[in-house]
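Note: the block below is target-v6.pdb and it holds PDB, C-alpha atoms, pLDDT in the B column.
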```pdb
ATOM      1  CA  MET A   1    -123.070  89.717  16.943  1.00 82.00           C
ATOM      2  CA  ALA A   2    -119.945  89.729  14.809  1.00 89.00           C
ATOM      3  CA  ASN A   3    -121.695  91.986  12.293  1.00 89.00           C
ATOM      4  CA  ILE A   4    -122.843  94.419  14.976  1.00 91.00           C
ATOM      5  CA  ALA A   5    -119.317  94.583  16.411  1.00 90.00           C
ATOM      6  CA  TRP A   6    -117.890  95.065  12.912  1.00 90.00           C
ATOM      7  CA  SER A   7    -120.378  97.877  12.249  1.00 91.00           C
ATOM      8  CA  CYS A   8    -119.426  99.615  15.481  1.00 89.00           C
ATOM      9  CA  ALA A   9    -115.777  99.418  14.463  1.00 90.00           C
ATOM     10  CA  LYS A  10    -116.378 100.751  10.965  1.00 92.00           C
ATOM     11  CA  LEU A  11    -118.311 103.687  12.449  1.00 90.00           C
ATOM     12  CA  GLN A  12    -115.779 104.138  15.296  1.00 92.00           C
ATOM     13  CA  PHE A  13    -118.745 103.825  17.673  1.00 90.00           C
ATOM     14  CA  ALA A  14    -117.197 102.717  20.963  1.00 93.00           C
ATOM     15  CA  HIS A  15    -120.408 102.564  22.986  1.00 93.00           C
ATOM     16  CA  GLU A  16    -119.345 100.762  26.155  1.00 95.00           C
ATOM     17  CA  PRO A  17    -122.771  99.380  27.165  1.00 96.00           C
ATOM     18  CA  LEU A  18    -123.340  97.956  23.688  1.00 95.00           C
ATOM     19  CA  LEU A  19    -119.826  96.507  23.435  1.00 96.00           C
ATOM     20  CA  SER A  20    -120.145  94.970  26.903  1.00 97.00           C
ATOM     21  CA  ALA A  21    -123.457  93.380  25.909  1.00 96.00           C
ATOM     22  CA  ILE A  22    -121.998  92.083  22.631  1.00 97.00           C
ATOM     23  CA  SER A  23    -119.050  90.666  24.551  1.00 97.00           C
ATOM     24  CA  ALA A  24    -121.271  88.899  27.091  1.00 98.00           C
ATOM     25  CA  GLN A  25    -123.508  87.382  24.404  1.00 97.00           C
ATOM     26  CA  ALA A  26    -120.575  86.416  22.202  1.00 97.00           C
ATOM     27  CA  ILE A  27    -118.967  84.517  25.063  1.00 98.00           C
ATOM     28  CA  LEU A  28    -122.182  82.565  25.643  1.00 98.00           C
ATOM     29  CA  ARG A  29    -122.541  81.753  21.933  1.00 97.00           C
ATOM     30  CA  ILE A  30    -118.898  81.492  20.863  1.00 98.00           C
ATOM     31  CA  SER A  31    -119.374  77.952  19.546  1.00 97.00           C
ATOM     32  CA  GLU A  32    -121.885  79.299  17.007  1.00 97.00           C
ATOM     33  CA  PHE A  33    -119.379  81.718  15.471  1.00 97.00           C
ATOM     34  CA  ILE A  34    -117.881  80.943  12.087  1.00 97.00           C
ATOM     35  CA  ASN A  35    -114.128  81.449  11.757  1.00 97.00           C
ATOM     36  CA  GLN A  36    -114.535  84.817  10.064  1.00 97.00           C
ATOM     37  CA  GLY A  37    -116.892  85.875  12.845  1.00 97.00           C
ATOM     38  CA  LEU A  38    -114.275  85.078  15.478  1.00 98.00           C
ATOM     39  CA  ALA A  39    -111.622  87.067  13.620  1.00 98.00           C
ATOM     40  CA  ASN A  40    -113.941  89.966  12.793  1.00 97.00           C
ATOM     41  CA  THR A  41    -115.206  90.259  16.358  1.00 98.00           C
ATOM     42  CA  LEU A  42    -111.703  90.444  17.795  1.00 98.00           C
ATOM     43  CA  TRP A  43    -110.706  92.878  15.011  1.00 97.00           C
ATOM     44  CA  ALA A  44    -113.738  95.072  15.782  1.00 97.00           C
ATOM     45  CA  PHE A  45    -112.983  95.231  19.484  1.00 97.00           C
ATOM     46  CA  ALA A  46    -109.380  96.144  18.688  1.00 97.00           C
ATOM     47  CA  LYS A  47    -110.483  98.813  16.230  1.00 97.00           C
ATOM     48  CA  VAL A  48    -112.510 100.593  18.935  1.00 97.00           C
ATOM     49  CA  ALA A  49    -109.872  99.861  21.621  1.00 97.00           C
ATOM     50  CA  PHE A  50    -112.252  97.867  23.812  1.00 97.00           C
ATOM     51  CA  ALA A  51    -110.340  95.031  25.468  1.00 96.00           C
ATOM     52  CA  SER A  52    -112.706  92.509  27.009  1.00 96.00           C
ATOM     53  CA  GLU A  53    -110.421  89.878  28.538  1.00 97.00           C
ATOM     54  CA  PRO A  54    -113.153  87.243  28.892  1.00 98.00           C
ATOM     55  CA  LEU A  55    -114.102  87.710  25.234  1.00 98.00           C
ATOM     56  CA  ILE A  56    -110.464  87.563  24.138  1.00 98.00           C
ATOM     57  CA  GLU A  57    -110.025  84.307  26.055  1.00 98.00           C
ATOM     58  CA  ALA A  58    -113.198  82.831  24.570  1.00 98.00           C
ATOM     59  CA  ILE A  59    -112.200  83.803  21.030  1.00 98.00           C
ATOM     60  CA  ALA A  60    -108.668  82.480  21.572  1.00 98.00           C
ATOM     61  CA  ALA A  61    -109.944  79.112  22.819  1.00 98.00           C
ATOM     62  CA  ALA A  62    -112.395  78.782  19.940  1.00 98.00           C
ATOM     63  CA  ALA A  63    -109.842  79.896  17.345  1.00 98.00           C
ATOM     64  CA  ILE A  64    -107.088  77.577  18.537  1.00 98.00           C
ATOM     65  CA  SER A  65    -109.335  74.560  18.181  1.00 96.00           C
ATOM     66  CA  ARG A  66    -110.034  75.308  14.514  1.00 97.00           C
ATOM     67  CA  ILE A  67    -107.134  77.454  13.366  1.00 97.00           C
ATOM     68  CA  ALA A  68    -106.351  75.065  10.498  1.00 96.00           C
ATOM     69  CA  ASP A  69    -109.648  76.091   8.900  1.00 97.00           C
ATOM     70  CA  PHE A  70    -109.008  79.840   9.123  1.00 98.00           C
ATOM     71  CA  ALA A  71    -108.463  81.716   5.856  1.00 97.00           C
ATOM     72  CA  PRO A  72    -105.239  83.761   5.656  1.00 97.00           C
ATOM     73  CA  GLN A  73    -107.145  87.022   6.173  1.00 97.00           C
ATOM     74  CA  ASN A  74    -108.792  85.632   9.329  1.00 98.00           C
ATOM     75  CA  LEU A  75    -105.370  84.691  10.702  1.00 98.00           C
ATOM     76  CA  THR A  76    -104.040  88.127   9.812  1.00 97.00           C
ATOM     77  CA  ASN A  77    -106.978  89.974  11.374  1.00 98.00           C
ATOM     78  CA  THR A  78    -106.686  87.922  14.547  1.00 98.00           C
ATOM     79  CA  SER A  79    -102.956  88.567  14.893  1.00 98.00           C
ATOM     80  CA  TRP A  80    -103.463  92.269  14.072  1.00 98.00           C
ATOM     81  CA  ALA A  81    -106.147  92.557  16.756  1.00 98.00           C
ATOM     82  CA  CYS A  82    -103.891  90.896  19.321  1.00 98.00           C
ATOM     83  CA  ALA A  83    -101.127  93.365  18.493  1.00 98.00           C
ATOM     84  CA  VAL A  84    -103.408  96.407  18.683  1.00 98.00           C
ATOM     85  CA  LEU A  85    -104.874  95.247  22.001  1.00 98.00           C
ATOM     86  CA  CYS A  86    -101.384  94.276  23.265  1.00 97.00           C
ATOM     87  CA  VAL A  87    -102.612  90.738  23.890  1.00 97.00           C
ATOM     88  CA  PHE A  88     -99.694  88.333  24.144  1.00 96.00           C
ATOM     89  CA  HIS A  89    -101.631  85.069  24.132  1.00 97.00           C
ATOM     90  CA  GLU A  90     -98.844  82.593  23.435  1.00 97.00           C
ATOM     91  CA  PRO A  91    -100.998  79.545  22.600  1.00 98.00           C
ATOM     92  CA  LEU A  92    -103.068  81.605  20.155  1.00 98.00           C
ATOM     93  CA  LEU A  93    -100.008  83.205  18.561  1.00 98.00           C
ATOM     94  CA  ASN A  94     -98.322  79.820  18.178  1.00 97.00           C
ATOM     95  CA  SER A  95    -101.455  78.477  16.512  1.00 97.00           C
ATOM     96  CA  ILE A  96    -101.686  81.474  14.194  1.00 97.00           C
ATOM     97  CA  ALA A  97     -98.020  81.100  13.245  1.00 97.00           C
ATOM     98  CA  LYS A  98     -98.427  77.419  12.373  1.00 96.00           C
ATOM     99  CA  GLY A  99    -101.708  78.037  10.574  1.00 95.00           C
ATOM    100  CA  PHE A 100    -100.368  80.963   8.591  1.00 95.00           C
ATOM    101  CA  VAL A 101     -97.332  79.048   7.346  1.00 93.00           C
ATOM    102  CA  SER A 102     -99.623  76.407   5.868  1.00 93.00           C
ATOM    103  CA  LYS A 103    -101.736  79.125   4.176  1.00 94.00           C
ATOM    104  CA  LEU A 104     -98.876  81.146   2.681  1.00 91.00           C
ATOM    105  CA  PRO A 105     -99.610  80.253  -0.953  1.00 90.00           C
ATOM    106  CA  ALA A 106    -103.075  81.803  -0.577  1.00 92.00           C
ATOM    107  CA  ALA A 107    -101.931  84.834   1.429  1.00 93.00           C
ATOM    108  CA  ALA A 108    -102.249  88.275  -0.143  1.00 91.00           C
ATOM    109  CA  PRO A 109     -99.404  90.782   0.201  1.00 91.00           C
ATOM    110  CA  GLN A 110    -101.434  92.677   2.818  1.00 91.00           C
ATOM    111  CA  ASP A 111    -101.796  89.456   4.845  1.00 94.00           C
ATOM    112  CA  LEU A 112     -98.029  88.956   4.773  1.00 93.00           C
ATOM    113  CA  ALA A 113     -97.280  92.544   5.763  1.00 92.00           C
ATOM    114  CA  ASN A 114     -99.905  92.817   8.489  1.00 94.00           C
ATOM    115  CA  THR A 115     -99.041  89.463  10.032  1.00 95.00           C
ATOM    116  CA  ALA A 116     -95.336  90.359  10.087  1.00 94.00           C
ATOM    117  CA  TRP A 117     -96.225  93.717  11.670  1.00 94.00           C
ATOM    118  CA  ALA A 118     -98.428  92.097  14.324  1.00 96.00           C
ATOM    119  CA  PHE A 119     -95.808  89.554  15.356  1.00 96.00           C
ATOM    120  CA  ALA A 120     -93.124  92.253  15.420  1.00 94.00           C
ATOM    121  CA  LYS A 121     -95.289  94.592  17.521  1.00 96.00           C
ATOM    122  CA  LEU A 122     -95.837  91.795  20.011  1.00 97.00           C
ATOM    123  CA  ALA A 123     -92.115  90.887  19.888  1.00 96.00           C
ATOM    124  CA  PHE A 124     -93.163  87.325  19.129  1.00 95.00           C
ATOM    125  CA  GLY A 125     -90.268  86.035  17.047  1.00 87.00           C
ATOM    126  CA  ASP A 126     -91.522  82.821  15.492  1.00 84.00           C
ATOM    127  CA  ALA A 127     -88.506  82.093  13.265  1.00 90.00           C
ATOM    128  CA  PRO A 128     -90.212  79.662  10.845  1.00 92.00           C
ATOM    129  CA  LEU A 129     -93.129  82.055  10.349  1.00 93.00           C
ATOM    130  CA  LEU A 130     -90.924  85.070   9.764  1.00 90.00           C
ATOM    131  CA  ALA A 131     -88.616  83.155   7.408  1.00 92.00           C
ATOM    132  CA  ASP A 132     -91.575  81.912   5.374  1.00 92.00           C
ATOM    133  CA  ILE A 133     -93.188  85.365   5.279  1.00 92.00           C
ATOM    134  CA  SER A 134     -89.858  86.793   4.120  1.00 90.00           C
ATOM    135  CA  ALA A 135     -89.563  84.233   1.336  1.00 91.00           C
ATOM    136  CA  ALA A 136     -93.141  84.801   0.213  1.00 88.00           C
ATOM    137  CA  ALA A 137     -92.688  88.570   0.347  1.00 86.00           C
ATOM    138  CA  LEU A 138     -89.540  88.380  -1.781  1.00 84.00           C
ATOM    139  CA  ALA A 139     -91.389  86.378  -4.397  1.00 84.00           C
ATOM    140  CA  HIS A 140     -94.210  88.950  -4.560  1.00 81.00           C
ATOM    141  CA  LEU A 141     -92.470  92.191  -3.590  1.00 78.00           C
ATOM    142  CA  GLN A 142     -93.666  94.027  -6.702  1.00 78.00           C
ATOM    143  CA  GLU A 143     -97.270  93.490  -5.510  1.00 78.00           C
ATOM    144  CA  PHE A 144     -96.786  95.340  -2.208  1.00 73.00           C
ATOM    145  CA  ASP A 145     -97.895  98.910  -1.742  1.00 78.00           C
ATOM    146  CA  CYS A 146     -95.683 101.354   0.167  1.00 77.00           C
ATOM    147  CA  GLN A 147     -97.354 100.663   3.525  1.00 75.00           C
ATOM    148  CA  GLY A 148     -97.007  96.918   3.020  1.00 68.00           C
ATOM    149  CA  CYS A 149     -93.288  97.293   2.371  1.00 70.00           C
ATOM    150  CA  ALA A 150     -92.946  99.431   5.497  1.00 65.00           C
ATOM    151  CA  ASN A 151     -94.786  96.820   7.589  1.00 65.00           C
ATOM    152  CA  LEU A 152     -92.398  94.096   6.478  1.00 62.00           C
TER     153      LEU A 152
END
```
Encoding of this model in C-alpha cells:
Amino acid sequence: MANIAWSCAKLQFAHEPLLSAISAQAILRISEFINQGLANTLWAFAKVAFASEPLIEAIAAAAISRIADFAPQNLTNTSWACAVLCVFHEPLLNSIAKGFVSKLPAAAPQDLANTAWAFAKLAFGDAPLLADISAAALAHLQEFDCQGCANL
C-alpha cells in the first residue's frame, strides 16, 4: 500500500476512490508497515493533498511507538507531511523532535533543512531540536544547497 500511495504522489494522481481505499486498508494493516512505509504513506498523502484523519491518527500512533527506530529521512518526511497537511499532532511532533535529535549525526543537510522548515511552518518551537539543528547546520553549512539554506 505504501508503494501504491507513493506512486500516486510521484504521478500527482489524486484519485479519491483509490486514496480512500488505500487509507482504509492501511489503517487495518498499519502494524504490518515498516517505518519507511509509515513515513512514505503520510508523505504521499501530503503530496497529493489528501488528508485522511483516521489514517493520520493510525500512522501517528504506530510511528510514536517506534520512533526511535526511524531513520532521519523518515523523521523528516513525517514532519514535512504534517506541515503540508497542517496536522499539529503534538505527541507525534514531540516524538519526532526527540527522535531527530538522537539521529542528528546521520542526518543529511536536506533532513536538517526540511525538518526545521516543517517545525517552523507548524509553529512548533521545540527549543532543543532547533538548537541542535542549528548547531549541526553550522557545522555543515557548506553542504547545503540554496533551498536548504532558505529553509533553515
**Request:** Would you please work out which residue, of A:Asn74, A:Ser134, A:Ser52, A:Thr115, is nearest to Ala24 of chain A when using all atoms listed in the file?
**Result:**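 Among A:Asn74, A:Ser134, A:Ser52, A:Thr115, it is A:Ser52 that comes nearest to Ala24 of chain A.
Contact shell of Cys82 of chain A at 10 Å (all atoms listed in the file; same-chain neighbours under 6 positions omitted): Leu42, Trp43, Ala46, Ala51, Ile56, Ala60, Thr76, Phe88, His89, Leu92, Leu93, Ala118, Phe119, Lys121 and Leu122 of chain A.
Selection check: the PyMOL selection byres ((chain A and resi 55) around 8) on the shown file gives Ser23, Ala24, Ala26, Ile27, Ser52, Glu53, Pro54, Ile56, Glu57, Ala58 and Ile59 of chain A.
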**Request:** Point out the residue among A:Arg66, A:Lys98, A:Lys103, A:Arg29 with the least atom-to-atom distance to Met1 of chain A, counting only C-alpha atoms.
**Result:**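 Ranking A:Arg66, A:Lys98, A:Lys103, A:Arg29 by distance to Met1 of chain A, first place goes to A:Arg29.
Residues with any atom within 12 Å of Asn94 of chain A, counting all atoms listed in the file and excluding same-chain neighbours fewer than 4 positions away, are Ala60, Ala63, Ile64, Ile67, Leu75, Ser79, Phe88, His89, Glu90, Lys98, Gly99, Phe100, Val101, Phe119, Phe124, Gly125, Asp126, Ala127, Pro128 and Leu129 of chain A.
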**Message:** With all atoms listed in the file as the counted atoms, please give the residues lying no more than 12 Å from His140 of chain A, apart from itself and same-chain residues fewer than 5 positions off, as number ranges by chain.
**Reply:** A: 104-105, 107-110, 112-113, 133-135, 145, 148-149
**Asked** Between atom CA of Pro91 of chain A and atom CA of Phe33 of chain A, what is the distance, to one decimal in Å?
**Response**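 So the two atoms, atom CA of Pro91 of chain A and atom CA of Phe33 of chain A, lie 19.8 Å apart.
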**Request:** Would you list the contacts of Val48 of chain A as a PyMOL selection string, taking every protein, DNA or RNA residue within 12 Å and counting only C-alpha atoms, but skipping same-chain residues closer than 6 positions in sequence?
**Result:** chain A and resi 5-16+19+41-42+81+84-85
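Atom to atom, atom CA of Asp132 of chain A and atom CA of Ala39 of chain A stand 22.3 Å apart.
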**Asked** Could you state the separation of atom CA of Glu143 of chain A and atom CA of Leu38 of chain A in Å, given to one decimal place?
**Response**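 Atom CA of Glu143 of chain A sits 28.3 Å away from atom CA of Leu38 of chain A.
Comparing the minimum interatomic distances between Ala61 of chain A and each of A:Trp80, A:Cys86, A:Ser31, A:Trp117, counting only C-alpha atoms, we find that A:Ser31 sits nearest.
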**Request:** Around the point (-112.3, 83.6, 9.9) in the file's coordinates, collect all residues with an atom within 6 Å, using only C-alpha atoms, and return them as a list of chain:residue names.
**Result:**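 Applying the cut-off with only C-alpha atoms, one gets A:Asn35, A:Gln36, A:Gly37, A:Ala39, A:Phe70, A:Ala71, A:Asn74.
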C-alpha atoms of segment 81-147 of chain A from block above, as a CSV table (one decimal), in the first residue's frame:
```
chain,number,residue,atom,x,y,z
A,81,ALA,CA,3.9,15.7,5.7
A,82,CYS,CA,2.4,17.0,8.9
A,83,ALA,CA,3.4,20.5,8.0
A,84,VAL,CA,2.0,20.3,4.4
A,85,LEU,CA,-1.3,18.8,5.7
A,86,CYS,CA,-1.4,21.3,8.6
A,87,VAL,CA,-1.5,18.5,11.1
A,88,PHE,CA,-0.5,19.7,14.6
A,89,HIS,CA,-0.3,16.3,16.3
A,90,GLU,CA,1.6,17.3,19.4
A,91,PRO,CA,2.5,13.8,20.7
A,92,LEU,CA,3.8,12.9,17.2
A,93,LEU,CA,5.8,16.1,16.9
A,94,ASN,CA,7.3,15.7,20.3
A,95,SER,CA,8.4,12.2,19.4
A,96,ILE,CA,9.8,13.3,16.1
A,97,ALA,CA,11.8,16.1,17.8
A,98,LYS,CA,13.3,13.7,20.4
A,99,GLY,CA,14.0,11.1,17.8
A,100,PHE,CA,15.6,13.5,15.4
A,101,VAL,CA,17.9,14.9,18.0
A,102,SER,CA,19.3,11.4,18.6
A,103,LYS,CA,19.8,10.9,14.8
A,104,LEU,CA,21.5,14.2,14.1
A,105,PRO,CA,24.9,12.7,13.3
A,106,ALA,CA,23.3,10.7,10.5
A,107,ALA,CA,21.1,13.5,9.2
A,108,ALA,CA,21.8,14.9,5.7
A,109,PRO,CA,21.6,18.6,5.1
A,110,GLN,CA,18.2,18.2,3.4
A,111,ASP,CA,16.9,16.4,6.5
A,112,LEU,CA,18.1,19.3,8.7
A,113,ALA,CA,16.6,22.0,6.5
A,114,ASN,CA,13.3,20.2,5.8
A,115,THR,CA,12.7,19.3,9.5
A,116,ALA,CA,13.5,22.9,10.5
A,117,TRP,CA,11.0,24.1,7.9
A,118,ALA,CA,8.3,21.7,9.0
A,119,PHE,CA,8.5,22.7,12.6
A,120,ALA,CA,8.6,26.3,11.7
A,121,LYS,CA,5.6,26.0,9.4
A,122,LEU,CA,3.7,24.3,12.3
A,123,ALA,CA,4.9,27.0,14.7
A,124,PHE,CA,6.1,24.1,16.9
A,125,GLY,CA,9.1,25.6,18.7
A,126,ASP,CA,10.9,22.7,20.2
A,127,ALA,CA,14.0,24.6,21.6
A,128,PRO,CA,16.3,21.6,22.0
A,129,LEU,CA,15.5,20.4,18.5
A,130,LEU,CA,16.0,23.8,16.9
A,131,ALA,CA,19.2,24.4,18.8
A,132,ASP,CA,20.7,21.1,17.8
A,133,ILE,CA,19.6,21.5,14.1
A,134,SER,CA,21.2,25.0,14.2
A,135,ALA,CA,24.5,23.5,15.6
A,136,ALA,CA,24.5,20.7,13.0
A,137,ALA,CA,23.7,23.1,10.2
A,138,LEU,CA,26.6,25.4,11.2
A,139,ALA,CA,29.0,22.5,11.1
A,140,HIS,CA,27.9,21.5,7.6
A,141,LEU,CA,26.7,24.8,6.1
A,142,GLN,CA,28.9,24.4,3.0
A,143,GLU,CA,27.0,21.2,2.1
A,144,PHE,CA,23.6,23.0,1.9
A,145,ASP,CA,22.1,24.0,-1.4
A,146,CYS,CA,20.4,27.4,-1.8
A,147,GLN,CA,16.9,26.0,-1.0
```
